[in-house]
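Peer 1: I am sharing protein-v6.cif, which consists of mmCIF, C-alpha atoms and all ligand atoms:
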data_coords
loop_
_atom_site.label_atom_id
_atom_site.label_comp_id
_atom_site.auth_asym_id
_atom_site.auth_seq_id
_atom_site.Cartn_x
_atom_site.Cartn_y
_atom_site.Cartn_z
CA MET H 1 26.34 31.74 -29.49
CA VAL H 2 29.29 29.78 -30.93
CA ILE H 3 31.74 32.16 -29.27
CA LEU H 4 29.92 31.75 -25.95
CA LEU H 5 30.00 27.99 -26.29
CA PHE H 6 33.68 28.06 -27.10
CA PHE H 7 34.30 30.28 -24.11
CA ILE H 8 32.45 27.99 -21.69
CA THR H 9 34.21 24.87 -23.00
CA ILE H 10 37.62 26.53 -22.71
CA CYS H 11 36.83 27.73 -19.17
CA LEU H 12 35.67 24.29 -18.09
CA LEU H 13 38.80 22.70 -19.51
CA PHE H 14 40.85 25.36 -17.77
CA ILE H 15 39.21 24.56 -14.43
CA PHE H 16 39.74 20.90 -15.15
CA LEU H 17 43.50 21.46 -15.67
CA LEU H 18 43.89 24.02 -12.89
CA PHE H 19 42.40 21.91 -10.15
CA GLY H 20 44.12 18.79 -11.27
CA ARG H 21 42.57 15.89 -13.02
CA SER H 22 43.27 13.51 -10.15
CA LYS H 23 41.37 15.60 -7.64
CA MET H 24 38.44 15.93 -9.95
CA ILE H 25 38.37 12.29 -10.83
CA SER H 26 38.38 11.39 -7.13
CA GLY H 27 35.02 13.14 -6.87
CA LEU H 28 33.80 11.44 -9.99
CA GLU H 29 34.90 7.92 -9.45
CA SER H 30 31.62 6.39 -10.43
CA LYS H 31 30.63 5.44 -13.95
CA SER H 32 28.07 8.26 -13.96
CA GLY H 33 30.93 10.71 -13.32
CA ASN H 34 32.79 9.49 -16.38
CA ASP H 35 29.58 9.66 -18.41
CA LEU H 36 29.15 13.26 -17.34
CA LEU H 37 32.60 14.23 -18.55
CA ILE H 38 32.11 12.43 -21.86
CA GLY H 39 28.66 13.99 -22.26
CA LEU H 40 30.06 17.43 -21.53
CA ILE H 41 32.75 17.13 -24.17
CA GLU H 42 30.26 15.63 -26.64
CA ASP H 43 27.81 18.50 -26.19
CA GLY H 44 30.63 21.01 -26.54
CA LEU H 45 31.77 19.44 -29.80
CA LYS H 46 28.20 19.20 -31.11
CA GLY H 47 27.61 22.85 -30.34
CA ASP H 48 24.66 22.02 -28.05
CA ILE H 49 24.93 24.90 -25.60
CA GLU H 50 21.92 23.87 -23.52
CA GLY H 51 23.16 20.32 -23.21
CA LEU H 52 26.62 21.58 -22.28
CA GLU H 53 25.18 23.83 -19.62
CA MET H 54 23.06 21.00 -18.22
CA GLN H 55 26.02 18.60 -18.08
CA ALA H 56 28.19 21.25 -16.42
CA ARG H 57 25.53 21.82 -13.79
CA ARG H 58 25.28 18.09 -13.16
CA LEU H 59 29.05 17.99 -12.81
CA ALA H 60 28.96 20.81 -10.28
CA SER H 61 26.22 19.02 -8.35
CA LYS H 62 28.22 15.79 -8.30
CA LEU H 63 31.34 17.56 -7.03
CA LYS H 64 29.50 19.45 -4.29
CA LYS H 65 30.56 17.12 -1.47
CA SER H 66 34.02 16.01 -2.57
CA ASP H 67 35.20 19.38 -3.88
CA PRO H 68 32.87 22.24 -2.91
CA LYS H 69 35.23 24.93 -4.24
CA LEU H 70 35.45 23.41 -7.68
CA SER H 71 31.71 22.79 -7.68
CA GLU H 72 31.07 26.44 -6.86
CA SER H 73 33.45 27.67 -9.57
CA ILE H 74 31.68 25.57 -12.20
CA SER H 75 28.24 26.73 -11.01
CA LYS H 76 29.32 30.37 -11.10
CA LEU H 77 30.80 30.00 -14.54
CA VAL H 78 27.69 28.41 -15.95
CA SER H 79 25.40 30.95 -14.29
CA SER H 80 27.46 33.87 -15.55
CA SER H 81 27.17 32.54 -19.11
CA GLY H 82 23.63 33.91 -18.74
CA CYS H 83 22.08 31.25 -20.93
CA LEU H 84 19.14 30.85 -18.56
CA ARG H 85 18.75 34.45 -17.67
CA GLN H 86 18.92 35.82 -21.16
CA SER H 87 16.74 38.91 -21.18
CA SER H 88 13.40 38.44 -22.90
CA SER H 89 13.74 41.78 -24.61
CA SER H 90 17.25 41.13 -25.87
CA HIS H 91 16.24 39.24 -29.01
CA ASN H 92 16.16 41.18 -32.21
CA THR H 93 15.22 38.51 -34.73
CA PRO H 94 12.28 39.59 -36.89
CA THR H 95 8.97 37.75 -36.31
CA PRO H 96 8.56 34.95 -38.89
CA VAL H 97 6.13 35.68 -41.72
CA GLU H 98 4.19 33.62 -44.22
CA PRO H 99 6.47 33.75 -47.32
CA ASP H 100 3.71 34.55 -49.86
CA SER H 101 1.41 36.90 -48.00
CA ARG H 102 4.18 38.34 -45.74
CA GLN H 103 1.70 38.14 -42.88
CA LYS H 104 3.05 37.48 -39.40
CA LEU H 105 2.72 33.86 -38.33
CA LEU H 106 2.61 34.73 -34.65
CA ILE H 107 0.90 37.14 -32.33
CA GLU H 108 3.48 38.45 -29.90
CA THR H 109 2.43 40.12 -26.62
CA TYR H 110 4.67 41.65 -24.01
CA PRO H 111 3.99 42.53 -21.27
CA VAL H 112 0.94 40.31 -20.89
CA ILE H 113 -1.81 42.13 -18.98
CA LEU H 114 -4.86 40.11 -17.98
CA ARG H 115 -8.36 41.55 -18.37
CA SER H 116 -9.55 39.27 -15.57
CA GLN H 117 -7.92 36.76 -13.26
CA PRO H 118 -8.54 33.10 -14.07
CA VAL H 119 -10.59 31.04 -11.64
CA TRP H 120 -9.47 27.44 -11.46
CA THR H 121 -10.51 24.28 -9.66
CA PRO H 122 -8.21 23.52 -6.70
CA ALA H 123 -6.63 20.65 -8.68
CA ILE H 124 -5.75 22.83 -11.69
CA GLU H 125 -4.55 25.64 -9.45
CA LYS H 126 -2.24 23.23 -7.63
CA ASN H 127 -0.79 21.98 -10.92
CA ILE H 128 -0.20 25.47 -12.23
CA GLU H 129 1.40 26.62 -9.00
CA ARG H 130 3.71 23.64 -9.15
CA PHE H 131 4.59 24.34 -12.78
CA LEU H 132 5.35 27.99 -12.01
CA ARG H 133 7.42 27.01 -8.99
CA GLU H 134 9.54 24.74 -11.16
CA ARG H 135 10.08 27.62 -13.57
CA VAL H 136 10.94 30.16 -10.89
CA MET H 137 13.31 27.72 -9.19
CA SER H 138 14.78 26.36 -12.43
CA GLU H 139 18.27 27.46 -11.50
CA GLU H 140 18.14 25.49 -8.24
CA LEU H 141 16.75 22.42 -10.02
CA LEU H 142 19.38 22.61 -12.75
CA ASN H 143 22.10 22.92 -10.14
CA GLU H 144 21.00 19.52 -8.86
CA GLY H 145 20.97 18.12 -12.39
CA LEU H 146 17.17 18.17 -12.61
CA LEU H 147 15.29 19.53 -15.60
CA PRO H 148 12.41 21.92 -14.76
CA SER H 149 9.07 21.42 -16.52
CA ARG H 150 9.07 23.06 -19.92
CA SER H 151 5.82 22.01 -21.56
CA LEU H 152 2.16 21.98 -20.68
CA LEU H 153 -0.81 20.53 -22.56
CA MET H 154 -4.27 21.91 -21.82
CA SER H 155 -7.40 20.24 -23.09
CA GLY H 156 -11.06 21.04 -22.56
CA PRO H 157 -14.21 22.49 -24.14
CA PRO H 158 -14.26 26.02 -25.60
CA GLY H 159 -14.29 29.03 -23.29
CA VAL H 160 -13.10 27.42 -20.07
CA GLY H 161 -9.87 29.39 -19.65
CA LYS H 162 -7.13 27.64 -21.62
CA THR H 163 -5.90 30.76 -23.41
CA LEU H 164 -6.39 32.82 -20.25
CA THR H 165 -4.24 30.32 -18.36
CA ALA H 166 -1.44 30.60 -20.94
CA GLN H 167 -1.66 34.38 -20.60
CA SER H 168 -1.55 34.11 -16.82
CA ILE H 169 1.57 31.90 -16.97
CA ALA H 170 3.34 34.36 -19.30
CA SER H 171 2.31 37.26 -17.09
CA LYS H 172 3.46 35.57 -13.86
CA LEU H 173 6.80 34.61 -15.38
CA ASP H 174 7.11 38.06 -16.97
CA LEU H 175 7.78 36.52 -20.39
CA PRO H 176 6.45 37.45 -23.82
CA LEU H 177 3.52 35.36 -25.03
CA LEU H 178 3.79 34.13 -28.61
CA THR H 179 0.59 32.64 -30.00
CA LEU H 180 0.49 30.41 -33.04
CA ASP H 181 -2.98 29.43 -34.16
CA LEU H 182 -2.39 26.06 -35.79
CA ALA H 183 -5.84 26.02 -37.37
CA SER H 184 -5.07 29.15 -39.33
CA VAL H 185 -1.52 28.19 -40.22
CA MET H 186 -2.59 24.82 -41.66
CA SER H 187 -2.81 25.28 -45.40
CA SER H 188 -3.66 22.71 -48.01
CA TYR H 189 0.03 22.63 -48.89
CA LEU H 190 1.32 20.69 -45.95
CA GLY H 191 4.93 21.11 -47.03
CA LYS H 192 4.52 24.87 -46.73
CA THR H 193 2.74 24.50 -43.39
CA GLY H 194 5.64 22.42 -42.09
CA ASN H 195 8.12 25.13 -43.05
CA ASN H 196 6.00 27.81 -41.39
CA ILE H 197 5.73 25.81 -38.18
CA LYS H 198 9.45 25.10 -38.20
CA ALA H 199 10.18 28.82 -38.64
CA VAL H 200 7.96 29.63 -35.65
CA LEU H 201 9.49 26.95 -33.43
CA ASN H 202 13.03 28.06 -34.30
CA TYR H 203 12.16 31.66 -33.60
CA ALA H 204 10.43 30.94 -30.29
CA SER H 205 13.14 28.66 -28.99
CA ALA H 206 15.82 31.30 -29.47
CA PHE H 207 14.81 33.51 -26.53
CA PRO H 208 12.88 33.12 -23.26
CA CYS H 209 9.14 33.19 -23.95
CA VAL H 210 5.88 31.29 -23.61
CA LEU H 211 4.86 29.79 -26.95
CA LEU H 212 1.16 28.92 -27.14
CA LEU H 213 0.25 26.41 -29.83
CA ASP H 214 -3.48 27.03 -30.02
CA GLU H 215 -5.94 24.64 -31.67
CA PHE H 216 -3.34 21.94 -31.36
CA ASP H 217 -5.76 19.31 -32.67
CA ALA H 218 -5.86 21.04 -36.08
CA ILE H 219 -3.05 18.75 -37.19
CA ALA H 220 -4.77 15.64 -35.94
CA LYS H 221 -8.01 16.70 -37.63
CA LYS H 222 -6.19 17.00 -40.91
CA ARG H 223 -5.90 13.21 -40.88
CA ASP H 224 -9.56 12.95 -41.84
CA ASP H 225 -8.96 14.95 -45.02
CA ASP H 226 -7.56 13.32 -48.09
CA SER H 227 -4.31 15.21 -47.52
CA ASP H 228 -0.88 13.78 -48.17
CA VAL H 229 -0.30 11.24 -45.39
CA GLY H 230 3.48 11.27 -45.77
CA GLU H 231 3.66 15.04 -45.52
CA LEU H 232 1.39 14.99 -42.47
CA LYS H 233 3.58 12.43 -40.77
CA ARG H 234 6.59 14.65 -41.37
CA LEU H 235 4.72 17.55 -39.81
CA VAL H 236 3.85 15.54 -36.69
CA THR H 237 7.49 14.44 -36.47
CA VAL H 238 8.60 18.08 -36.61
CA LEU H 239 6.30 18.86 -33.69
CA LEU H 240 7.33 15.85 -31.62
CA GLN H 241 10.97 16.71 -32.17
CA ALA H 242 10.31 20.32 -31.18
CA ILE H 243 8.68 19.23 -27.92
CA ASP H 244 11.62 16.93 -27.16
CA ASP H 245 14.22 19.59 -27.93
CA TRP H 246 12.37 22.47 -26.32
CA PRO H 247 14.90 24.69 -24.51
CA VAL H 248 14.71 25.00 -20.77
CA THR H 249 14.63 28.80 -21.12
CA SER H 250 11.14 28.82 -22.64
CA VAL H 251 7.71 27.39 -21.95
CA LEU H 252 5.73 25.49 -24.57
CA VAL H 253 1.97 25.45 -24.01
CA ALA H 254 -0.44 23.62 -26.28
CA ALA H 255 -4.23 23.97 -26.11
CA THR H 256 -6.86 21.75 -27.65
CA ASN H 257 -10.64 21.29 -27.61
CA HIS H 258 -10.26 17.70 -28.73
CA GLY H 259 -7.74 15.97 -26.51
CA ASP H 260 -9.19 12.66 -27.69
CA LEU H 261 -7.93 13.32 -31.23
CA LEU H 262 -4.33 13.61 -30.12
CA ASP H 263 -1.89 10.79 -30.50
CA PRO H 264 -0.81 9.18 -27.19
CA ALA H 265 2.75 9.87 -28.40
CA ILE H 266 1.96 13.59 -28.18
CA TRP H 267 0.31 13.38 -24.74
CA ARG H 268 3.30 11.50 -23.38
CA ARG H 269 5.76 14.17 -24.43
CA PHE H 270 4.33 16.99 -22.36
CA ASP H 271 5.72 17.53 -18.85
CA SER H 272 2.36 18.61 -17.39
CA LEU H 273 -1.23 17.96 -18.43
CA LEU H 274 -4.22 20.07 -17.47
CA GLU H 275 -7.72 18.86 -18.21
CA PHE H 276 -10.24 21.70 -18.08
CA ASP H 277 -13.99 21.26 -17.90
CA TYR H 278 -17.12 23.38 -17.53
CA PRO H 279 -16.93 25.36 -14.29
CA THR H 280 -17.92 23.83 -10.96
CA PRO H 281 -20.43 25.77 -8.75
CA GLU H 282 -17.43 26.97 -6.68
CA GLN H 283 -15.80 28.41 -9.81
CA VAL H 284 -19.05 30.13 -10.85
CA TYR H 285 -19.31 31.55 -7.32
CA ASP H 286 -15.71 32.89 -7.40
CA PHE H 287 -16.26 34.28 -10.89
CA SER H 288 -19.46 36.13 -9.81
CA ILE H 289 -17.68 37.57 -6.79
CA GLN H 290 -14.85 38.68 -9.11
CA TRP H 291 -17.53 40.37 -11.21
CA GLY H 292 -18.69 42.30 -8.15
CA PHE H 293 -21.94 40.47 -7.32
CA ASP H 294 -22.75 40.10 -3.62
CA LYS H 295 -22.54 36.78 -1.79
CA PRO H 296 -26.28 35.78 -1.88
CA THR H 297 -26.51 36.58 -5.61
CA SER H 298 -23.28 34.70 -6.30
CA THR H 299 -24.51 31.68 -4.35
CA TRP H 300 -27.79 31.74 -6.25
CA LEU H 301 -25.97 32.06 -9.59
CA SER H 302 -23.61 29.22 -8.72
CA GLU H 303 -26.56 26.97 -7.88
CA ASN H 304 -28.46 27.76 -11.06
CA ILE H 305 -25.91 28.05 -13.85
CA VAL H 306 -25.08 24.61 -15.18
CA LYS H 307 -22.86 23.41 -17.98
CA ALA H 308 -22.05 26.85 -19.35
CA SER H 309 -18.49 27.93 -20.06
CA LEU H 310 -17.11 30.92 -18.17
CA ALA H 311 -16.76 32.66 -21.55
CA ILE H 312 -20.54 32.41 -22.03
CA ILE H 313 -21.22 33.37 -18.41
CA ASP H 314 -18.91 36.37 -18.82
CA LYS H 315 -20.86 37.49 -21.91
CA LYS H 316 -24.19 37.11 -20.08
CA PHE H 317 -22.95 39.06 -17.07
CA GLN H 318 -21.93 41.87 -19.43
CA GLN H 319 -25.33 41.78 -21.11
CA ALA H 320 -27.14 41.86 -17.74
CA LYS H 321 -25.09 44.84 -16.56
CA LYS H 322 -25.82 46.66 -19.81
CA ASN H 323 -29.56 46.00 -19.47
CA ASN H 324 -29.39 47.17 -15.88
CA ILE H 325 -27.98 50.51 -17.02
CA LEU H 326 -29.78 51.02 -20.32
CA ASP H 327 -33.26 49.61 -19.55
CA ASP H 328 -33.47 50.83 -15.96
CA LYS H 329 -34.02 47.28 -14.65
CA SER H 330 -32.63 45.89 -11.44
CA LEU H 331 -29.47 43.89 -11.96
CA LEU H 332 -31.19 40.85 -10.52
CA LEU H 333 -34.06 41.00 -12.97
CA SER H 334 -31.58 41.54 -15.81
CA LEU H 335 -29.71 38.42 -14.71
CA ILE H 336 -32.95 36.42 -14.53
CA GLU H 337 -33.88 37.51 -18.04
CA VAL H 338 -30.46 37.01 -19.59
CA PHE H 339 -29.99 33.53 -18.11
CA GLU H 340 -33.70 32.69 -18.58
CA PHE H 341 -33.92 31.45 -15.00
CA LYS H 342 -37.25 29.93 -14.05
CA GLY H 343 -37.14 31.08 -10.43
CA ALA H 344 -35.73 33.71 -8.09
CA PRO H 345 -33.14 33.45 -5.31
CA ASP H 346 -34.42 31.98 -2.07
CA ASP H 347 -34.13 35.19 -0.04
CA LEU H 348 -37.17 37.09 1.21
CA ASP H 349 -35.69 40.57 0.72
CA ILE H 350 -34.72 39.74 -2.84
CA LYS H 351 -38.19 38.27 -3.47
CA ARG H 352 -39.87 41.36 -2.08
CA GLU H 353 -37.88 43.63 -4.39
CA LEU H 354 -38.51 41.45 -7.40
CA SER H 355 -42.23 41.14 -6.73
CA LEU H 356 -42.90 44.82 -7.33
CA GLU H 357 -40.58 45.02 -10.30
CA LEU H 358 -42.27 42.10 -12.01
CA HIS H 359 -45.70 43.49 -11.14
CA ASN H 360 -44.73 46.82 -12.68
CA LEU H 361 -43.77 44.93 -15.83
CA GLY H 362 -47.39 43.80 -16.08
CA TRP H 363 -47.20 40.40 -14.40
CA THR H 364 -50.29 39.30 -12.44
CA ASN H 365 -50.02 38.37 -8.75
CA LYS H 366 -50.43 34.72 -9.76
CA GLN H 367 -47.54 34.90 -12.26
CA VAL H 368 -45.32 36.70 -9.75
CA GLY H 369 -46.20 34.08 -7.13
CA GLU H 370 -45.36 31.21 -9.48
CA PHE H 371 -42.02 32.78 -10.31
CA LEU H 372 -41.14 33.46 -6.69
CA GLY H 373 -42.35 30.03 -5.52
CA MET H 374 -45.39 31.17 -3.46
CA THR H 375 -49.13 31.64 -3.78
CA GLY H 376 -50.53 34.58 -5.73
CA GLN H 377 -52.04 35.87 -2.51
CA ARG H 378 -48.70 35.90 -0.71
CA ALA H 379 -47.11 37.58 -3.73
CA GLY H 380 -49.84 40.27 -3.53
CA VAL H 381 -48.88 40.97 0.10
CA LEU H 382 -45.18 41.31 -0.84
CA ILE H 383 -46.03 43.64 -3.72
CA ARG H 384 -48.12 45.84 -1.40
CA GLU H 385 -45.41 45.93 1.27
CA MET H 386 -42.78 46.81 -1.29
CA ARG H 387 -44.91 49.54 -2.85
CA GLU H 388 -45.43 51.13 0.57
CA THR H 389 -41.67 51.01 1.19
CA VAL H 390 -40.95 52.69 -2.12
CA GLU H 391 -43.69 55.31 -1.80
CA ASN H 392 -43.03 56.10 1.83
CA PRO H 393 -39.45 55.14 2.64
CA GLN H 394 -39.32 57.29 5.81
CA GLN H 395 -42.35 55.64 7.40
CA SER H 396 -41.19 52.13 6.60
CA LEU H 397 -37.82 52.99 8.17
CA VAL H 398 -39.55 54.09 11.36
CA LEU H 399 -41.69 50.95 11.30
CA ALA H 400 -38.68 48.76 10.75
CA GLU H 401 -36.78 50.43 13.60
CA GLY H 402 -39.79 50.28 15.88
N1 LIG X 1 -11.28 29.77 -15.85
C1 LIG X 1 -11.63 31.04 -16.15
N2 LIG X 1 -11.48 32.02 -15.25
C2 LIG X 1 -11.85 33.28 -15.52
N3 LIG X 1 -12.37 33.66 -16.69
C3 LIG X 1 -12.54 32.73 -17.64
C4 LIG X 1 -12.19 31.36 -17.42
N4 LIG X 1 -12.50 30.67 -18.51
C5 LIG X 1 -12.99 31.53 -19.40
N5 LIG X 1 -13.03 32.78 -18.89
C6 LIG X 1 -13.54 33.98 -19.58
O1 LIG X 1 -13.80 33.61 -20.92
C7 LIG X 1 -12.91 34.26 -21.83
C8 LIG X 1 -12.44 33.26 -22.88
O2 LIG X 1 -11.67 32.23 -22.26
P1 LIG X 1 -10.48 31.50 -23.00
O3 LIG X 1 -10.18 32.21 -24.28
O4 LIG X 1 -9.36 31.35 -22.06
O5 LIG X 1 -11.12 30.10 -23.31
P2 LIG X 1 -10.47 28.86 -24.07
O6 LIG X 1 -10.59 27.69 -23.16
O7 LIG X 1 -9.12 29.20 -24.55
O8 LIG X 1 -11.48 28.67 -25.29
P3 LIG X 1 -11.22 28.13 -26.79
O9 LIG X 1 -11.09 26.64 -26.68
O10 LIG X 1 -12.44 28.54 -27.53
O11 LIG X 1 -9.97 28.78 -27.29
C9 LIG X 1 -11.77 34.77 -20.95
O12 LIG X 1 -11.18 35.92 -21.50
C10 LIG X 1 -12.50 35.07 -19.64
O13 LIG X 1 -13.18 36.31 -19.72
MG MG X 2 -8.32 29.50 -26.48
#
With the file now loaded, output its structure as structure tokens.

Peer 2:
Amino acid sequence: MVILLFFITICLLFIFLLFGRSKMISGLESKSGNDLLIGLIEDGLKGDIEGLEMQARRLASKLKKSDPKLSESISKLVSSSGCLRQSSSSHNTPTPVEPDSRQKLLIETYPVILRSQPVWTPAIEKNIERFLRERVMSEELLNEGLLPSRSLLMSGPPGVGKTLTAQSIASKLDLPLLTLDLASVMSSYLGKTGNNIKAVLNYASAFPCVLLLDEFDAIAKKRDDDSDVGELKRLVTVLLQAIDDWPVTSVLVAATNHGDLLDPAIWRRFDSLLEFDYPTPEQVYDFSIQWGFDKPTSTWLSENIVKASLAIIDKKFQQAKKNNILDDKSLLLSLIEVFEFKGAPDDLDIKRELSLELHNLGWTNKQVGEFLGMTGQRAGVLIREMRETVENPQQSLVLAEG
């Protein structure tokens, strides 16, 4: 890294001398131009390679009009340093471990393969698309001296897709996903916790990746304990500093169930904020379609499932499908049982099918009628019709066609 830094600084100075200071200065007459040069030298001397790269890009952007050739040379030089395009698989630092137990502090996944695609509200989808676009076009943004978004804070109740969203981001950007569960890393010895967190942050900022800080509120919650306040403050400072210094090459994602517990200072530091909630009927509909249910069933499900997380809905769908296979029940009846729905979908064909199934389970006509939202007499007619269809499918086909 030091050699690379040295190389870039030397090259930039070389360009500076080669093209003539006067020519360069003419393109940088303003105070901001001088600041850029000073900043560039400062970052070089400090050994801040990211800062140096950023300043050099700004310089190139500033010189674009007055000296396009010089601007292009600087851009090429910075791009070829490969700082931004460092391969995600090129790192060979060992994963940090807890010093006593030697257990890994992080779960590392690459490539990230999703079990199912996330369904988002249009607002969240728009935000995520924007975030991804900034990442994909980071080179173009940097060339104009603009910093692409690096950090994202997601808050919301359990099971609404926060982890899935982090996985989706890592998968779309083709980066490894590193997950640190803050709740499990918090030990009663806060000093030790701080060191562990620092080790993880150092490790994750050294190569392109998505670092997910899960259960981010675990630190805030610790405030309620009688733990060492000074040590806790130091820990929060470590985190705030890490967010501020996060390299442009990586993505920092934090997830919390208790956004309200977080300090406003923490909220402010994140580039993007996503507030998740229980799914809307549209999300439930999309999720049911993704599960393979037909449109009328999905509409019915979306109208009847309220205030349940998609994680719970997912579990219930699995249960219903299992019951459908193992207990020889229709999928619809399995869904009704699993979700404990009090009524059936408002579709006569569906009602007809259900009427016989429920009757075969021992329900009286009156009970079937109540469930299907009709009189017992009407339910009796449906049951009879359905039984005839089942017992004599050929005849009912002829009747239907006739
Ligand atoms: N928005 C969603 N789109 C699709 N599936 C979802 C969504 N939300 C939850 N699920 C389903 O629920 C499972 C669990 O979701 P996930 O782990 O992302 O929730 P979470 O918000 O991170 O919850 P927690 O706060 O408990 O960590 C997912 O693997 C997926 O099957
Ligand atoms: Mg989660």

Peer 1: H:Lys322, H:Lys316, H:Lys64, H:Lys295: which is nearest H:Asp347, counting all atoms listed in the file?

Peer 2: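 Of the candidates, the smallest distance to H:Asp347 is held by H:Lys295.
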
Peer 1: Restricting the calculation to all atoms listed in the file: of H:Met154, H:Ile113, H:Leu141, H:Ala60, which residue gets closest to H:Leu173?

Peer 2: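 Comparing H:Met154, H:Ile113, H:Leu141, H:Ala60 against H:Leu173, the winner is H:Ile113.
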
Peer 1: Ligand MG 2 (chain X): which residues are within 9 Å, counting all atoms listed in the file, as a ChimeraX atom specification?

Peer 2: /H:158-164,166,214-215,255-257

Peer 1: The centre and edge lengths of an axis-aligned box containing all atoms of stretch 121-129 of chain H present in the file, extended by 3 Å on each side, are to be given in Å to one decimal, as AutoDock Vina command-line options.

Peer 2:
--center_x -4.6 --center_y 23.6 --center_z -9.5 --size_x 17.9 --size_y 12.0 --size_z 11.5

Peer 1: Could you give me, as a ChimeraX atom specification, the residues that have an atom at most 7 Å away from the point (-2.0, 19.3, -19.2) in the coordinates of the file, using only C-alpha atoms?

Peer 2: /H:152-155,272-275

Peer 1: Which is closer to ligand LIG 1 (chain X) than all the others in H:Pro247, H:Pro279, H:Gly47, H:Gly259, using only C-alpha atoms and all ligand atoms?

Peer 2: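 Looking at the shortest contact to ligand LIG 1 (chain X), the residue is H:Pro279.
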
Peer 1: So which one's closest to ligand LIG 1 (chain X), H:Ala265, H:Ile325, H:Leu114, H:Leu354? Using only C-alpha atoms and all ligand atoms, please.

Peer 2: H:Leu114

Peer 1: Identify which of the residues H:Thr389, H:Asn127, H:Thr121, H:Ser171 lies closest to ligand LIG 1 (chain X), counting all atoms listed in the file when measuring atom-to-atom distances.

Peer 2: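 Looking only at the distances to ligand LIG 1 (chain X), the closest residue turns out to be H:Thr121.
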
Peer 1: For a quick check of understanding, using only C-alpha atoms, which of H:Val390, H:Leu146, H:Glu353, H:Ala254 has the smallest distance to H:Met54?

Peer 2: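 Residue with the minimum atom-to-atom distance to H:Met54: H:Leu146.
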
Peer 1: Name all residues at most 10 Å from H:Lys321 (count only C-alpha atoms; drop same-chain ones fewer than 2 positions away) and give them as a PDB file with C-alpha atoms, in the coordinates of the input.

Peer 2:
ATOM      1  CA  LYS H 316     -24.190  37.110 -20.080  1.00  0.00           C
ATOM      2  CA  PHE H 317     -22.950  39.060 -17.070  1.00  0.00           C
ATOM      3  CA  GLN H 318     -21.930  41.870 -19.430  1.00  0.00           C
ATOM      4  CA  GLN H 319     -25.330  41.780 -21.110  1.00  0.00           C
ATOM      5  CA  ASN H 323     -29.560  46.000 -19.470  1.00  0.00           C
ATOM      6  CA  ASN H 324     -29.390  47.170 -15.880  1.00  0.00           C
ATOM      7  CA  ILE H 325     -27.980  50.510 -17.020  1.00  0.00           C
ATOM      8  CA  LEU H 326     -29.780  51.020 -20.320  1.00  0.00           C
ATOM      9  CA  ASP H 327     -33.260  49.610 -19.550  1.00  0.00           C
ATOM     10  CA  LYS H 329     -34.020  47.280 -14.650  1.00  0.00           C
ATOM     11  CA  SER H 330     -32.630  45.890 -11.440  1.00  0.00           C
ATOM     12  CA  LEU H 331     -29.470  43.890 -11.960  1.00  0.00           C
ATOM     13  CA  LEU H 332     -31.190  40.850 -10.520  1.00  0.00           C
ATOM     14  CA  SER H 334     -31.580  41.540 -15.810  1.00  0.00           C
ATOM     15  CA  LEU H 335     -29.710  38.420 -14.710  1.00  0.00           C
ATOM     16  CA  VAL H 338     -30.460  37.010 -19.590  1.00  0.00           C
TER      17      VAL H 338
END

Peer 1: Using atom O2 of ligand LIG 1 (chain X) and atom CA of H:Ser250 as the two end points, give the distance in Å to one decimal.

Peer 2: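 Between atom O2 of ligand LIG 1 (chain X) and atom CA of H:Ser250 the gap is 23.1 Å.
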
Peer 1: Kindly give the distance, in Å, that separates atom CA of H:Leu382 and atom CA of H:Ile305, rounded to a single decimal.

Peer 2: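 These two atoms are separated by 26.8 Å.
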
Peer 1: Do a neighbour search on H:Gln55 at 8 Å with all atoms listed in the file, toss out local chain neighbours closer than 6 positions, and write the hits as a PyMOL selection string.

Peer 2: chain H and resi 36-37+39-40+145

Peer 1: If you measure from atom CA of H:Leu77 to atom CA of H:Pro148, what distance in Å do you get, rounded to one decimal?

Peer 2: 20.1 Å

Peer 1: So that I can see what lies close to H:Leu310, please list as a ChimeraX atom specification the residues with an atom at most 12 Å from it, counting all atoms listed in the file and leaving out residues fewer than 2 positions away in the same chain.

Peer 2: /H:116-120,157-162,164,276-281,283-288,291,302,305-308,312-317

Peer 1: If we draw a sphere of 12 Å around (-47.8, 29.9, -9.3), which residues have at least one atom in it when counting only C-alpha atoms? Please report them as a short mmCIF file (atom, residue, chain, number, x, y, z; two decimals) with C-alpha atoms, keeping the file's coordinate frame.

Peer 2:
data_model
loop_
_atom_site.label_atom_id
_atom_site.label_comp_id
_atom_site.auth_asym_id
_atom_site.auth_seq_id
_atom_site.Cartn_x
_atom_site.Cartn_y
_atom_site.Cartn_z
CA LYS H 342 -37.25 29.93 -14.05
CA GLY H 343 -37.14 31.08 -10.43
CA TRP H 363 -47.20 40.40 -14.40
CA THR H 364 -50.29 39.30 -12.44
CA ASN H 365 -50.02 38.37 -8.75
CA LYS H 366 -50.43 34.72 -9.76
CA GLN H 367 -47.54 34.90 -12.26
CA VAL H 368 -45.32 36.70 -9.75
CA GLY H 369 -46.20 34.08 -7.13
CA GLU H 370 -45.36 31.21 -9.48
CA PHE H 371 -42.02 32.78 -10.31
CA LEU H 372 -41.14 33.46 -6.69
CA GLY H 373 -42.35 30.03 -5.52
CA MET H 374 -45.39 31.17 -3.46
CA THR H 375 -49.13 31.64 -3.78
CA GLY H 376 -50.53 34.58 -5.73
CA GLN H 377 -52.04 35.87 -2.51
CA ARG H 378 -48.70 35.90 -0.71
CA ALA H 379 -47.11 37.58 -3.73
#

Peer 1: For H:Arg352, please output as an NGL selection string all residues within 8 Å (counting all atoms listed in the file; exclusion window: fewer than 4 positions along the same chain).

Peer 2: :H and (348 or 356 or 382-383 or 385-386)
